[in-house]
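> Here you go, coords19.cif (mmCIF, C-alpha atoms and all ligand atoms):
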```cif
data_work
#
loop_
_atom_site.label_atom_id
_atom_site.label_comp_id
_atom_site.auth_asym_id
_atom_site.auth_seq_id
_atom_site.Cartn_x
_atom_site.Cartn_y
_atom_site.Cartn_z
CA MET T 115 134.97 122.86 112.98
CA PRO T 116 135.05 123.90 116.64
CA ARG T 117 131.48 124.99 117.24
CA PRO T 118 129.53 122.08 115.80
CA THR T 119 131.74 119.42 117.41
CA VAL T 120 131.26 121.08 120.79
CA LEU T 121 127.56 121.63 120.38
CA ILE T 122 126.48 118.38 118.82
CA PRO T 123 127.49 115.92 121.57
CA ARG T 124 125.54 118.09 124.02
CA LEU T 125 122.66 118.13 121.62
CA MET T 126 122.68 114.37 121.28
CA ILE T 127 122.73 113.94 125.05
CA ALA T 128 119.76 116.29 125.21
CA ILE T 129 117.98 114.25 122.55
CA ALA T 130 118.67 111.01 124.37
CA ALA T 131 117.31 112.53 127.58
CA LEU T 132 114.20 113.90 125.89
CA PHE T 133 113.48 110.91 123.70
CA PRO T 134 115.00 107.77 125.22
CA SER T 135 113.65 105.57 122.45
CA ALA T 136 115.60 107.60 119.88
CA ALA T 137 118.79 106.54 121.57
CA ILE T 138 120.97 103.82 120.34
CA VAL T 139 119.85 100.27 121.09
CA SER T 140 116.85 99.20 123.11
CA ALA T 141 117.51 96.66 125.85
CA LYS T 142 115.26 94.10 124.21
CA ASP T 143 117.22 94.21 120.99
CA ALA T 144 120.68 94.30 122.53
CA ALA T 145 120.26 90.56 123.21
CA ALA T 146 120.91 88.59 120.08
CA ASP T 147 120.97 84.87 119.43
CA ASP T 148 117.25 84.27 119.97
CA GLY T 149 116.97 82.62 116.56
CA LYS T 150 115.32 85.67 115.02
CA LEU T 151 116.66 87.60 112.06
CA ARG T 152 118.53 90.86 112.67
CA ILE T 153 118.20 93.56 110.05
CA VAL T 154 119.68 97.03 109.77
CA VAL T 155 118.39 99.46 107.16
CA PHE T 156 120.62 102.49 106.58
CA GLY T 157 119.28 105.72 105.17
CA ALA T 158 121.11 109.01 104.76
CA HIS T 159 118.46 111.06 106.59
CA PRO T 160 115.82 110.44 109.25
CA ASP T 161 113.12 109.38 106.77
CA ASP T 162 114.97 107.45 104.05
CA ALA T 163 115.02 104.01 105.71
CA GLU T 164 111.40 104.55 106.77
CA PHE T 165 110.33 105.47 103.23
CA LYS T 166 112.30 102.73 101.47
CA ALA T 167 111.77 99.81 103.82
CA GLY T 168 109.16 100.76 106.45
CA GLY T 169 106.62 98.23 105.19
CA THR T 170 109.08 95.35 105.00
CA ALA T 171 110.37 96.36 108.45
CA ALA T 172 106.82 96.07 109.79
CA LYS T 173 106.48 92.59 108.30
CA TRP T 174 109.73 91.41 109.90
CA ALA T 175 108.73 92.99 113.22
CA ARG T 176 105.36 91.21 113.19
CA GLN T 177 107.26 87.92 113.10
CA GLY T 178 109.46 88.96 116.03
CA HIS T 179 112.56 89.73 113.99
CA HIS T 180 114.77 92.65 115.08
CA VAL T 181 114.94 95.64 112.76
CA LYS T 182 116.95 98.81 113.18
CA LEU T 183 116.36 101.84 110.96
CA CYS T 184 119.59 103.84 111.08
CA SER T 185 119.94 107.37 109.74
CA VAL T 186 123.59 108.10 109.02
CA THR T 187 123.13 111.89 109.30
CA ASN T 188 121.03 113.81 111.79
CA GLY T 189 118.99 115.64 109.14
CA ASP T 190 119.82 119.09 110.54
CA ILE T 191 119.44 120.97 107.23
CA GLY T 192 116.50 118.95 105.94
CA HIS T 193 113.88 121.71 106.05
CA TRP T 194 113.17 124.91 104.11
CA GLN T 195 112.36 126.95 107.20
CA MET T 196 114.41 125.63 110.12
CA ALA T 197 117.83 124.05 110.69
CA GLY T 198 120.42 123.05 113.25
CA GLY T 199 119.91 121.54 116.68
CA PRO T 200 116.14 122.08 116.92
CA LEU T 201 115.60 120.37 113.56
CA ALA T 202 117.92 117.46 114.43
CA GLN T 203 115.98 117.01 117.69
CA ARG T 204 112.67 117.18 115.90
CA ARG T 205 113.71 114.63 113.28
CA ALA T 206 115.18 112.19 115.81
CA ALA T 207 111.86 112.33 117.65
CA GLU T 208 109.94 111.77 114.39
CA SER T 209 112.06 108.71 113.55
CA ALA T 210 111.62 107.35 117.06
CA ALA T 211 107.84 107.75 116.73
CA VAL T 212 107.85 105.87 113.42
CA ALA T 213 109.91 103.10 114.99
CA ARG T 214 107.45 102.76 117.87
CA LYS T 215 104.57 102.36 115.44
CA LEU T 216 106.42 99.80 113.31
CA GLY T 217 107.77 97.86 116.30
CA VAL T 218 111.42 98.48 115.36
CA THR T 219 114.43 100.38 116.75
CA SER T 220 115.66 103.71 115.42
CA GLN T 221 119.13 105.21 115.55
CA VAL T 222 120.31 108.60 114.29
CA LEU T 223 124.07 109.04 113.94
CA ASP T 224 125.66 112.33 114.94
CA ILE T 225 126.82 113.59 111.52
CA HIS T 226 125.65 116.84 109.92
CA ASP T 227 123.16 116.56 107.07
CA GLY T 228 124.78 117.40 103.72
CA GLU T 229 128.29 116.80 105.05
CA LEU T 230 128.66 113.00 105.05
CA GLU T 231 131.98 111.85 103.58
CA PRO T 232 133.25 108.35 102.78
CA THR T 233 136.12 108.57 105.27
CA LEU T 234 137.96 105.85 107.16
CA GLU T 235 136.40 107.17 110.38
CA ASN T 236 132.91 106.73 108.92
CA ARG T 237 133.78 103.30 107.50
CA ARG T 238 134.66 102.28 111.06
CA LEU T 239 131.44 103.79 112.40
CA ILE T 240 129.23 101.91 109.91
CA THR T 241 131.18 98.68 110.49
CA LYS T 242 130.55 99.00 114.22
CA VAL T 243 126.83 99.65 113.80
CA ILE T 244 126.50 96.49 111.66
CA ARG T 245 128.61 94.40 114.06
CA GLU T 246 126.90 95.63 117.21
CA TRP T 247 123.51 94.86 115.71
CA LYS T 248 124.84 91.40 114.71
CA ALA T 249 123.13 91.93 111.39
CA ASP T 250 122.04 89.10 109.10
CA ILE T 251 120.71 91.59 106.53
CA VAL T 252 121.98 95.09 105.73
CA ILE T 253 120.12 97.46 103.40
CA ALA T 254 121.34 100.82 102.06
CA HIS T 255 121.06 103.27 99.17
CA ARG T 256 122.80 102.52 95.89
CA PRO T 257 125.94 104.64 95.47
CA TRP T 258 124.57 106.59 92.49
CA ASP T 259 121.61 108.30 94.08
CA TYR T 260 120.90 112.01 93.60
CA HIS T 261 122.02 113.22 97.01
CA PRO T 262 125.68 113.14 98.10
CA ASP T 263 124.70 111.80 101.54
CA HIS T 264 122.73 108.97 99.88
CA ARG T 265 125.67 108.14 97.59
CA TYR T 266 128.15 108.08 100.46
CA VAL T 267 125.90 105.90 102.61
CA GLY T 268 125.97 103.49 99.66
CA ILE T 269 129.77 103.70 99.46
CA LEU T 270 130.28 103.39 103.22
CA VAL T 271 128.04 100.33 103.48
CA GLN T 272 129.79 98.74 100.48
CA ASP T 273 133.11 99.52 102.17
CA ALA T 274 131.90 97.74 105.31
CA ALA T 275 130.49 94.76 103.42
CA PHE T 276 133.65 92.72 103.79
CA MET T 277 135.33 94.54 106.69
CA VAL T 278 132.58 93.52 109.16
CA THR T 279 134.14 90.02 109.14
CA VAL T 280 137.81 91.08 109.33
CA PRO T 281 139.01 90.55 112.93
CA PHE T 282 141.71 93.21 113.08
CA PHE T 283 139.62 95.99 111.52
CA CYS T 284 138.06 97.80 114.51
CA PRO T 285 139.33 95.08 116.87
CA ASP T 286 137.43 96.64 119.78
CA THR T 287 134.13 95.41 118.30
CA PRO T 288 133.83 91.65 117.72
CA PRO T 289 133.71 90.81 114.01
CA LEU T 290 130.74 89.00 112.52
CA LYS T 291 131.36 85.30 112.01
CA LYS T 292 129.05 85.18 109.04
CA ASN T 293 129.00 87.95 106.46
CA PRO T 294 125.50 89.47 106.23
CA VAL T 295 123.53 89.67 103.02
CA PHE T 296 123.73 93.26 101.71
CA LEU T 297 120.98 94.75 99.58
CA TYR T 298 120.16 98.10 98.02
CA SER T 299 116.89 99.93 98.49
CA SER T 300 115.10 101.04 95.34
CA ASP T 301 115.60 104.22 93.34
CA GLY T 302 114.72 105.46 89.87
CA PHE T 303 118.18 106.43 88.62
CA GLN T 304 119.17 104.94 85.27
CA LYS T 305 122.93 105.51 85.09
CA PRO T 306 125.23 103.64 85.29
CA TYR T 307 122.50 101.01 85.41
CA PRO T 308 118.85 100.95 86.56
CA PHE T 309 117.83 99.36 89.85
CA LYS T 310 116.97 95.71 89.26
CA PRO T 311 115.34 93.98 92.22
CA ASP T 312 116.09 90.48 93.47
CA MET T 313 113.43 90.74 96.16
CA VAL T 314 110.03 92.42 95.89
CA VAL T 315 107.88 92.37 99.01
CA ALA T 316 104.08 92.67 98.90
CA LEU T 317 103.00 95.31 101.40
CA ASP T 318 99.23 94.97 101.13
CA ASP T 319 98.88 93.61 104.68
CA VAL T 320 101.06 96.35 106.22
CA PHE T 321 100.40 99.26 103.88
CA ASP T 322 98.05 101.09 106.27
CA GLU T 323 100.51 100.53 109.10
CA LYS T 324 103.33 102.02 107.04
CA VAL T 325 101.29 105.13 106.18
CA GLU T 326 100.20 105.47 109.81
CA ALA T 327 103.90 105.38 110.79
CA LEU T 328 105.04 107.83 108.08
CA HIS T 329 102.41 110.27 109.41
CA GLU T 330 104.91 110.88 112.25
CA LEU T 331 107.47 112.38 109.83
CA GLU T 332 105.67 115.71 109.92
CA SER T 333 108.64 117.93 108.99
CA GLN T 334 109.15 115.91 105.82
CA VAL T 335 105.81 114.57 104.61
CA TYR T 336 103.57 117.54 105.47
CA GLU T 337 106.10 120.40 105.38
CA GLY T 338 108.16 119.13 102.47
CA GLY T 339 111.57 118.97 104.17
CA ALA T 340 114.38 120.78 102.36
CA SER T 341 112.32 121.10 99.18
CA GLY T 342 109.18 122.39 100.88
CA SER T 343 107.83 125.94 100.75
CA GLU T 344 104.91 128.02 101.97
CA GLU T 345 103.09 126.98 98.82
CA PHE T 346 103.74 123.28 99.50
CA VAL T 347 102.32 123.62 103.01
CA ARG T 348 99.23 125.49 101.72
CA ASN T 349 98.38 122.46 99.58
CA VAL T 350 98.45 120.03 102.52
CA PRO T 351 95.54 119.68 104.96
CA PRO T 352 96.32 121.64 108.16
CA ALA T 353 97.78 119.98 111.27
CA ALA T 354 94.42 120.19 113.06
CA ASP T 355 92.82 118.04 110.36
CA VAL T 356 94.54 114.77 111.26
CA ALA T 357 92.17 112.56 109.27
CA GLY T 358 92.51 114.83 106.23
CA ARG T 359 96.30 114.71 106.48
CA LYS T 360 96.37 110.93 106.75
CA ALA T 361 94.07 110.55 103.74
CA TRP T 362 96.29 112.94 101.74
CA LEU T 363 99.40 110.99 102.74
CA LYS T 364 97.79 107.65 102.00
CA GLN T 365 96.89 108.75 98.49
CA ARG T 366 100.47 109.78 97.73
CA TRP T 367 101.88 106.51 99.04
CA GLN T 368 99.26 104.45 97.24
CA ALA T 369 100.49 106.00 94.00
CA ARG T 370 104.15 105.50 94.88
CA GLN T 371 103.92 101.94 96.08
CA SER T 372 101.48 100.67 93.50
CA ALA T 373 103.84 102.05 90.83
CA GLU T 374 106.64 100.03 92.46
CA ALA T 375 104.47 96.88 92.39
CA ASP T 376 103.58 97.45 88.73
CA ARG T 377 107.14 98.22 87.67
CA TYR T 378 108.35 94.91 89.13
CA ARG T 379 105.24 92.82 88.40
CA SER T 380 107.27 90.10 86.69
CA ASP T 381 109.35 89.70 89.88
CA LEU T 382 106.15 89.52 91.95
CA LEU T 383 104.88 86.73 89.68
CA ARG T 384 108.22 84.93 90.01
CA LEU T 385 108.24 85.24 93.81
CA TYR T 386 104.56 84.82 94.70
CA GLY T 387 103.27 82.76 91.79
CA ASP T 388 100.83 83.98 89.13
CA GLU T 389 97.64 84.32 91.13
CA LYS T 390 99.07 86.05 94.23
CA GLY T 391 101.65 87.99 92.25
CA LYS T 392 98.99 89.54 90.01
CA ALA T 393 96.88 90.61 92.98
CA VAL T 394 99.63 92.50 94.85
CA LYS T 395 98.79 96.21 95.05
CA TYR T 396 101.73 97.72 96.94
CA ALA T 397 105.38 96.71 97.09
CA GLU T 398 108.88 97.56 98.28
CA SER T 399 111.86 96.18 96.41
CA PHE T 400 115.51 95.39 97.07
CA GLU T 401 118.51 94.46 94.95
CA LEU T 402 121.35 92.21 96.11
CA CYS T 403 124.76 93.83 96.47
CA GLU T 404 127.57 91.67 95.13
CA TYR T 405 129.93 92.30 98.03
CA GLY T 406 128.35 90.57 101.02
CA ARG T 407 127.23 86.97 101.34
CA ARG T 408 125.62 85.74 98.12
CA PRO T 409 122.42 83.91 99.08
CA SER T 410 120.68 81.37 96.87
CA ALA T 411 117.10 82.19 95.83
CA ALA T 412 115.90 79.78 98.55
CA GLU T 413 117.99 81.45 101.25
CA LEU T 414 116.83 84.88 100.16
CA LYS T 415 113.24 83.77 100.73
CA GLN T 416 114.22 82.61 104.24
CA LEU T 417 115.64 86.04 104.96
CA PHE T 418 112.42 87.65 103.70
CA PRO T 419 110.09 85.02 105.22
CA PHE T 420 106.88 86.37 103.75
CA PHE T 421 106.15 83.73 101.15
CA PRO T 422 103.84 80.75 101.31
CA ALA T 423 105.72 77.42 101.70
CA GLU T 424 106.48 75.82 98.37
ZN ZN T 501 117.61 111.41 102.16
#
```
Could you spell out this file's structure in structure tokens?
Ligand SMILES: [Zn+2]


Amino acid sequence: MPRPTVLIPRLMIAIAALFPSAAIVSAKDAAADDGKLRIVVFGAHPDDAEFKAGGTAAKWARQGHHVKLCSVTNGDIGHWQMAGGPLAQRRAAESAAVARKLGVTSQVLDIHDGELEPTLENRRLITKVIREWKADIVIAHRPWDYHPDHRYVGILVQDAAFMVTVPFFCPDTPPLKKNPVFLYSSDGFQKPYPFKPDMVVALDDVFDEKVEALHELESQVYEGGASGSEEFVRNVPPAADVAGRKAWLKQRWQARQSAEADRYRSDLLRLYGDEKGKAVKYAESFELCEYGRRPSAAELKQLFPFFPAE
């Protein structure tokens, strides 16, 4: 694939020059070992991690923990009307803007949208991202999501879930001494088995912040991304009507995230107690992966430190 491999590194350099905060690791977060948690959320495209875990990321960030939202592809076919370098640039900038609003770091890997494969090369790449971030917590799609890129992100992160600790795999990047806790972000797919959360996080105190951040994902939320159309755009308030757009977006996310809270109400009651659990309006949820460290219920609550002391 001669043309893309020649063009894309140049493109990524151009992106880094245009949008420094979209580039790899911010100086602040390169320093680890400050006693704070380190979290990396993988998504297949520059919106998935934001959609699935943006609220929980904001809650960690408020407590000074270090969160990276990492898109494994550059999203360069994720629009009905535009594609290629200009779209990849646009989406990297959108993700960087979300990250600024949430107080987290964003990274977009240089792999074409729709072309992610679970190769050894990509297993090494994902392993290095997790190691370099010195992650305590890793979140990714389940490997039976609708989109091939989502599925392969799930596979690649599962494939890294033990290898991050193995010294002679990618020996140029120091292995993690402690295996992170790996979790899946939520989805609605039923086969081979439905998503079943171990952790459900109340978003009520960060919900507005999440919506305010998602407002930056213009190509996706207001133009519909790859499944948009002229008709879709006609039904969204115009770009000049910022308040109208935000209200429209808020309504959609209220529906989505209150449905998530209601679907996992019994877990909210278990985690927050009856009174608080009943009152939660909006939630994000995560399921433990069996392949990383297996935390006790008490340790899981330390990793998601959003619960009143017991
Ligand atoms: Zn996606």

> Expressed in Å to a single decimal, how great is the separation between atom CA of Val325 of chain T and atom CA of Lys310 of chain T?

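The value is 24.9 Å.
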
> Got a sec to check which residues lie within 10 Å of ligand ZN 501 (chain T), using all atoms listed in the file, and send them as a VMD selection string?

chain T and resid 157 to 163 165 185 to 187 189 192 227 to 228 255 259 to 265 267 339 to 340

> Around segment 384-394 of chain T, fit a box with edges along x, y and z, padding it by 5 Å on each side, then list its centre and edge lengths in Å to one decimal as JSON.


```
{"center_x": 102.6, "center_y": 87.6, "center_z": 92.0, "size_x": 21.4, "size_y": 19.7, "size_z": 15.7}
```

> Out of T:Ile225, T:Ile244, T:Leu363, T:Val315, which residue has the shortest atom-to-atom distance to Glu337 of chain T when counting all atoms listed in the file?

T:Leu363

> Could you jot down the atom CA of Gln371 of chain T to atom CA of Glu332 of chain T separation for me, Å, one decimal place?

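For atom CA of Gln371 of chain T relative to atom CA of Glu332 of chain T, the distance reads 19.6 Å.
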
> Take segment 175-204 of chain T, bring it up to N, CA and C atoms, and give me the output as a PDB file, in the frame of the given file.


```
ATOM      1  N   ALA T 175     109.026  92.757 111.795  1.00  0.00           N
ATOM      2  CA  ALA T 175     108.730  92.990 113.220  1.00  0.00           C
ATOM      3  C   ALA T 175     107.537  92.166 113.685  1.00  0.00           C
ATOM      4  N   ARG T 176     106.536  92.020 112.827  1.00  0.00           N
ATOM      5  CA  ARG T 176     105.360  91.210 113.190  1.00  0.00           C
ATOM      6  C   ARG T 176     105.731  89.771 113.508  1.00  0.00           C
ATOM      7  N   GLN T 177     106.804  89.300 112.868  1.00  0.00           N
ATOM      8  CA  GLN T 177     107.260  87.920 113.100  1.00  0.00           C
ATOM      9  C   GLN T 177     108.300  87.850 114.231  1.00  0.00           C
ATOM     10  N   GLY T 178     108.532  88.963 114.898  1.00  0.00           N
ATOM     11  CA  GLY T 178     109.460  88.960 116.030  1.00  0.00           C
ATOM     12  C   GLY T 178     110.916  89.163 115.653  1.00  0.00           C
ATOM     13  N   HIS T 179     111.185  89.462 114.391  1.00  0.00           N
ATOM     14  CA  HIS T 179     112.560  89.730 113.990  1.00  0.00           C
ATOM     15  C   HIS T 179     112.952  91.152 114.433  1.00  0.00           C
ATOM     16  N   HIS T 180     114.264  91.389 114.498  1.00  0.00           N
ATOM     17  CA  HIS T 180     114.770  92.650 115.080  1.00  0.00           C
ATOM     18  C   HIS T 180     115.257  93.575 113.974  1.00  0.00           C
ATOM     19  N   VAL T 181     114.603  94.704 113.839  1.00  0.00           N
ATOM     20  CA  VAL T 181     114.940  95.640 112.760  1.00  0.00           C
ATOM     21  C   VAL T 181     115.405  96.959 113.362  1.00  0.00           C
ATOM     22  N   LYS T 182     116.511  97.458 112.840  1.00  0.00           N
ATOM     23  CA  LYS T 182     116.950  98.810 113.180  1.00  0.00           C
ATOM     24  C   LYS T 182     116.916  99.676 111.918  1.00  0.00           C
ATOM     25  N   LEU T 183     116.312 100.852 112.031  1.00  0.00           N
ATOM     26  CA  LEU T 183     116.360 101.840 110.960  1.00  0.00           C
ATOM     27  C   LEU T 183     117.383 102.895 111.397  1.00  0.00           C
ATOM     28  N   CYS T 184     118.475 102.990 110.654  1.00  0.00           N
ATOM     29  CA  CYS T 184     119.590 103.840 111.080  1.00  0.00           C
ATOM     30  C   CYS T 184     119.805 104.973 110.093  1.00  0.00           C
ATOM     31  N   SER T 185     119.643 106.202 110.578  1.00  0.00           N
ATOM     32  CA  SER T 185     119.940 107.370 109.740  1.00  0.00           C
ATOM     33  C   SER T 185     121.403 107.752 109.965  1.00  0.00           C
ATOM     34  N   VAL T 186     122.149 107.854 108.886  1.00  0.00           N
ATOM     35  CA  VAL T 186     123.590 108.100 109.020  1.00  0.00           C
ATOM     36  C   VAL T 186     123.880 109.590 109.286  1.00  0.00           C
ATOM     37  N   THR T 187     122.986 110.489 108.873  1.00  0.00           N
ATOM     38  CA  THR T 187     123.130 111.890 109.300  1.00  0.00           C
ATOM     39  C   THR T 187     121.932 112.264 110.174  1.00  0.00           C
ATOM     40  N   ASN T 188     122.089 113.414 110.863  1.00  0.00           N
ATOM     41  CA  ASN T 188     121.030 113.810 111.790  1.00  0.00           C
ATOM     42  C   ASN T 188     119.951 114.694 111.140  1.00  0.00           C
ATOM     43  N   GLY T 189     120.068 114.944 109.848  1.00  0.00           N
ATOM     44  CA  GLY T 189     118.990 115.640 109.140  1.00  0.00           C
ATOM     45  C   GLY T 189     118.866 117.117 109.484  1.00  0.00           C
ATOM     46  N   ASP T 190     119.950 117.744 109.964  1.00  0.00           N
ATOM     47  CA  ASP T 190     119.820 119.090 110.540  1.00  0.00           C
ATOM     48  C   ASP T 190     119.759 120.234 109.524  1.00  0.00           C
ATOM     49  N   ILE T 191     119.785 119.913 108.206  1.00  0.00           N
ATOM     50  CA  ILE T 191     119.440 120.970 107.230  1.00  0.00           C
ATOM     51  C   ILE T 191     118.267 120.536 106.336  1.00  0.00           C
ATOM     52  N   GLY T 192     117.547 119.511 106.777  1.00  0.00           N
ATOM     53  CA  GLY T 192     116.500 118.950 105.940  1.00  0.00           C
ATOM     54  C   GLY T 192     115.153 119.645 106.077  1.00  0.00           C
ATOM     55  N   HIS T 193     115.138 120.959 105.977  1.00  0.00           N
ATOM     56  CA  HIS T 193     113.880 121.710 106.050  1.00  0.00           C
ATOM     57  C   HIS T 193     114.098 123.055 105.385  1.00  0.00           C
ATOM     58  N   TRP T 194     113.052 123.618 104.812  1.00  0.00           N
ATOM     59  CA  TRP T 194     113.170 124.910 104.110  1.00  0.00           C
ATOM     60  C   TRP T 194     113.084 126.087 105.053  1.00  0.00           C
ATOM     61  N   GLN T 195     112.667 125.834 106.304  1.00  0.00           N
ATOM     62  CA  GLN T 195     112.360 126.950 107.200  1.00  0.00           C
ATOM     63  C   GLN T 195     113.131 126.909 108.505  1.00  0.00           C
ATOM     64  N   MET T 196     113.683 125.746 108.852  1.00  0.00           N
ATOM     65  CA  MET T 196     114.410 125.630 110.120  1.00  0.00           C
ATOM     66  C   MET T 196     115.629 124.735 109.919  1.00  0.00           C
ATOM     67  N   ALA T 197     116.589 124.827 110.845  1.00  0.00           N
ATOM     68  CA  ALA T 197     117.830 124.050 110.690  1.00  0.00           C
ATOM     69  C   ALA T 197     118.506 123.916 112.054  1.00  0.00           C
ATOM     70  N   GLY T 198     119.587 123.143 112.064  1.00  0.00           N
ATOM     71  CA  GLY T 198     120.420 123.050 113.250  1.00  0.00           C
ATOM     72  C   GLY T 198     119.854 122.121 114.318  1.00  0.00           C
ATOM     73  N   GLY T 199     120.270 122.400 115.552  1.00  0.00           N
ATOM     74  CA  GLY T 199     119.910 121.540 116.680  1.00  0.00           C
ATOM     75  C   GLY T 199     118.414 121.266 116.807  1.00  0.00           C
ATOM     76  N   PRO T 200     117.578 122.340 116.765  1.00  0.00           N
ATOM     77  CA  PRO T 200     116.140 122.080 116.920  1.00  0.00           C
ATOM     78  C   PRO T 200     115.582 121.146 115.851  1.00  0.00           C
ATOM     79  N   LEU T 201     116.086 121.266 114.617  1.00  0.00           N
ATOM     80  CA  LEU T 201     115.600 120.370 113.560  1.00  0.00           C
ATOM     81  C   LEU T 201     116.112 118.948 113.777  1.00  0.00           C
ATOM     82  N   ALA T 202     117.374 118.803 114.163  1.00  0.00           N
ATOM     83  CA  ALA T 202     117.920 117.460 114.430  1.00  0.00           C
ATOM     84  C   ALA T 202     117.113 116.788 115.541  1.00  0.00           C
ATOM     85  N   GLN T 203     116.791 117.555 116.591  1.00  0.00           N
ATOM     86  CA  GLN T 203     115.980 117.010 117.690  1.00  0.00           C
ATOM     87  C   GLN T 203     114.605 116.581 117.195  1.00  0.00           C
ATOM     88  N   ARG T 204     114.010 117.464 116.403  1.00  0.00           N
ATOM     89  CA  ARG T 204     112.670 117.180 115.900  1.00  0.00           C
ATOM     90  C   ARG T 204     112.675 115.907 115.054  1.00  0.00           C
TER      91      ARG T 204
END
```
